[in-house]
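I have placed the structure first, in the form of structure tokens, so that the comments after it can refer back to it.
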Amino acid sequence: QVHLEESGGGLVQAGGSLRLSCIASRRPYSTLIMAWFRQAPGKEREFVAAISTRSLRQYYASAVNGRFTISADNAKSTVYLQMNNLSAEHTAIYYCASTVDSGRYDSGRYYYTAPEYDYWGQGTQVTVSS
């Protein structure tokens with residue numbers, strides 16, 4: 001069982017930045033693929049970014065590539081999502097998720113659909129005002 005807890009959401013003006021954090025309770029933390037998803041009102045949950053806590057290899061949805069950065073601090077069992085130049089379209093609940101890597105991630109077979117993730121946080125609201 002993995003418990004995930006997000007923080008860092010809030011209200012920000014367009015053009016601003018936020019950094020989300022997600023702490024994972026699983027030990028050993030280094031076996032996980034950690035990801036961020038988001039769900040805007042009236043829309044389905046969508047993939048944002050993922051990272052291997054073993055290799056630190058990152059994978060992004062095309063919609064956020066270059067604007068968002070995912071990173072991990074294994075010593076703190078924490079994954080981050082740095083979001084820059086935010087706009088109203090980024091308003092959503094952001095969820096942290098994790099799954100155990102079967103060994104395929106670093107060969108380019110990424111996990112980017114919600115059903116592939118076993119554990120989820122409660123979500124943190126990000127609201128961007130225009």
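In the structure tokens, chains take the letters A, B, ... in the order shown, each chain's residues start at 1, and ligands count up from 1 in the order shown.
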
Quiz prompt | Residues within 6 Å of region 87-100 of chain A, only C-alpha atoms, excluding chain neighbours under 5 positions, as a list in words | solution = Ala14, Leu32, Ile33, Met34, Ala35, Trp36, Phe37, Arg38, Gln39, Ala40, Tyr117, Asp118, Tyr119, Trp120, Gly121, Gly123, Thr124, Gln125, Val126, Thr127 and Val128 of chain A

Neighbouring residues of Ala63 (chain A) were defined as those with any atom within 10 Å, considering only C-alpha atoms; residues of the same chain fewer than 3 positions away were excluded. Please report them as a PyMOL selection string.
chain A and resi 47-48+60+66-68

Expected file contents, prior selection, all heavy atoms, as a JSON list (two decimals), in the first residue's frame:
```json
[["chain", "number", "residue", "atom", "x", "y", "z"],
["A", 47, "PHE", "N", -3.30, 12.74, -18.20],
["A", 47, "PHE", "CA", -1.91, 12.61, -17.83],
["A", 47, "PHE", "C", -1.17, 13.93, -18.03],
["A", 47, "PHE", "O", -1.40, 14.63, -19.01],
["A", 47, "PHE", "CB", -1.27, 11.51, -18.66],
["A", 47, "PHE", "CG", 0.21, 11.40, -18.52],
["A", 47, "PHE", "CD1", 0.76, 10.76, -17.42],
["A", 47, "PHE", "CD2", 1.05, 11.92, -19.48],
["A", 47, "PHE", "CE1", 2.14, 10.64, -17.29],
["A", 47, "PHE", "CE2", 2.43, 11.81, -19.36],
["A", 47, "PHE", "CZ", 2.96, 11.17, -18.25],
["A", 48, "VAL", "N", -0.27, 14.23, -17.08],
["A", 48, "VAL", "CA", 0.56, 15.44, -17.19],
["A", 48, "VAL", "C", 2.03, 15.07, -17.36],
["A", 48, "VAL", "O", 2.68, 15.49, -18.31],
["A", 48, "VAL", "CB", 0.37, 16.34, -15.96],
["A", 48, "VAL", "CG1", 1.31, 17.53, -16.01],
["A", 48, "VAL", "CG2", -1.09, 16.80, -15.85],
["A", 60, "TYR", "N", 6.50, 13.49, -20.51],
["A", 60, "TYR", "CA", 5.51, 14.56, -20.42],
["A", 60, "TYR", "C", 4.42, 14.40, -21.47],
["A", 60, "TYR", "O", 4.67, 13.93, -22.58],
["A", 60, "TYR", "CB", 6.17, 15.92, -20.65],
["A", 60, "TYR", "CG", 7.17, 16.30, -19.60],
["A", 60, "TYR", "CD1", 8.52, 16.03, -19.77],
["A", 60, "TYR", "CD2", 6.76, 16.94, -18.42],
["A", 60, "TYR", "CE1", 9.44, 16.37, -18.79],
["A", 60, "TYR", "CE2", 7.67, 17.30, -17.45],
["A", 60, "TYR", "CZ", 9.01, 17.01, -17.64],
["A", 60, "TYR", "OH", 9.92, 17.36, -16.67],
["A", 66, "GLY", "N", 7.83, 21.49, -21.86],
["A", 66, "GLY", "CA", 8.52, 22.77, -21.95],
["A", 66, "GLY", "C", 8.01, 23.80, -20.96],
["A", 66, "GLY", "O", 8.69, 24.78, -20.68],
["A", 67, "ARG", "N", 6.83, 23.59, -20.40],
["A", 67, "ARG", "CA", 6.27, 24.53, -19.44],
["A", 67, "ARG", "C", 6.27, 23.94, -18.03],
["A", 67, "ARG", "O", 6.40, 24.66, -17.04],
["A", 67, "ARG", "CB", 4.85, 24.90, -19.85],
["A", 67, "ARG", "CG", 4.22, 25.97, -18.97],
["A", 67, "ARG", "CD", 2.87, 26.36, -19.50],
["A", 67, "ARG", "NE", 2.93, 27.06, -20.77],
["A", 67, "ARG", "CZ", 1.90, 27.68, -21.33],
["A", 67, "ARG", "NH1", 0.73, 27.66, -20.74],
["A", 67, "ARG", "NH2", 2.03, 28.28, -22.48],
["A", 68, "PHE", "N", 6.09, 22.64, -17.92],
["A", 68, "PHE", "CA", 6.08, 21.96, -16.63],
["A", 68, "PHE", "C", 7.33, 21.08, -16.51],
["A", 68, "PHE", "O", 7.81, 20.55, -17.52],
["A", 68, "PHE", "CB", 4.86, 21.05, -16.50],
["A", 68, "PHE", "CG", 3.54, 21.77, -16.37],
["A", 68, "PHE", "CD1", 3.44, 23.15, -16.48],
["A", 68, "PHE", "CD2", 2.38, 21.05, -16.13],
["A", 68, "PHE", "CE1", 2.22, 23.81, -16.36],
["A", 68, "PHE", "CE2", 1.15, 21.68, -16.00],
["A", 68, "PHE", "CZ", 1.07, 23.05, -16.12]]
```

**Request:** Using only C-alpha atoms, determine which residues lie at most 8 Å from Ser77 (chain A), disregarding the query and same-chain residues fewer than 4 positions distant; provide the list as an MDAnalysis selection string.
**Result:** chainID A and resid 23:25 29 72:73

* Pairwise distance for CA of Thr69 (chain A) and CA of Leu81 (chain A), rounded to one decimal in Å ->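 These atoms are spaced 5.6 Å apart.
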
For Ala50 (chain A), the closest of A:Val2, A:Leu20, A:Leu11, A:Ile70 counting only C-alpha atoms is A:Ile70

**Prompt:** Counting only C-alpha atoms, which of A:Gln58, A:Met83, A:Ser52, A:Ala114 gets nearest to Ser102 (chain A)?
**Reply:**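 Closest residue, counting only C-alpha atoms: A:Ser52.
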
Run DSSP on the backbone and grab whatever in region 80-124 of chain A lands in strand (DSSP E or B); send it over as a PDB file with C-alpha atoms, in the first residue's frame.
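Written file, selection.pdb:
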```pdb
ATOM      1  CA  TYR A  80       7.511  17.741  -7.551  1.00  0.00           C
ATOM      2  CA  LEU A  81       5.740  19.412 -10.431  1.00  0.00           C
ATOM      3  CA  GLN A  82       7.075  22.847 -11.283  1.00  0.00           C
ATOM      4  CA  MET A  83       4.523  24.726 -13.355  1.00  0.00           C
ATOM      5  CA  ALA A  92      -7.773  21.784 -12.488  1.00  0.00           C
ATOM      6  CA  ILE A  93      -7.396  19.404  -9.587  1.00  0.00           C
ATOM      7  CA  TYR A  94      -3.926  17.918  -9.804  1.00  0.00           C
ATOM      8  CA  TYR A  95      -3.468  14.362  -8.611  1.00  0.00           C
ATOM      9  CA  CYS A  96      -0.337  12.479  -7.703  1.00  0.00           C
ATOM     10  CA  ALA A  97      -0.271   8.808  -8.673  1.00  0.00           C
ATOM     11  CA  SER A  98       2.140   5.916  -8.415  1.00  0.00           C
ATOM     12  CA  THR A  99       2.675   2.443  -9.728  1.00  0.00           C
ATOM     13  CA  VAL A 100       5.384  -0.152  -9.481  1.00  0.00           C
ATOM     14  CA  TYR A 119      -2.290   4.559  -5.910  1.00  0.00           C
ATOM     15  CA  TRP A 120      -3.670   8.063  -5.891  1.00  0.00           C
ATOM     16  CA  THR A 124      -4.750  19.605  -4.874  1.00  0.00           C
TER      17      THR A 124
END
```

Task: Computed interatomic separation between CA of Tyr105 (chain A) and CA of Gln1 (chain A) (Å) - done: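 Atom-to-atom, CA of Tyr105 (chain A) and CA of Gln1 (chain A) are spaced 20.8 Å apart.
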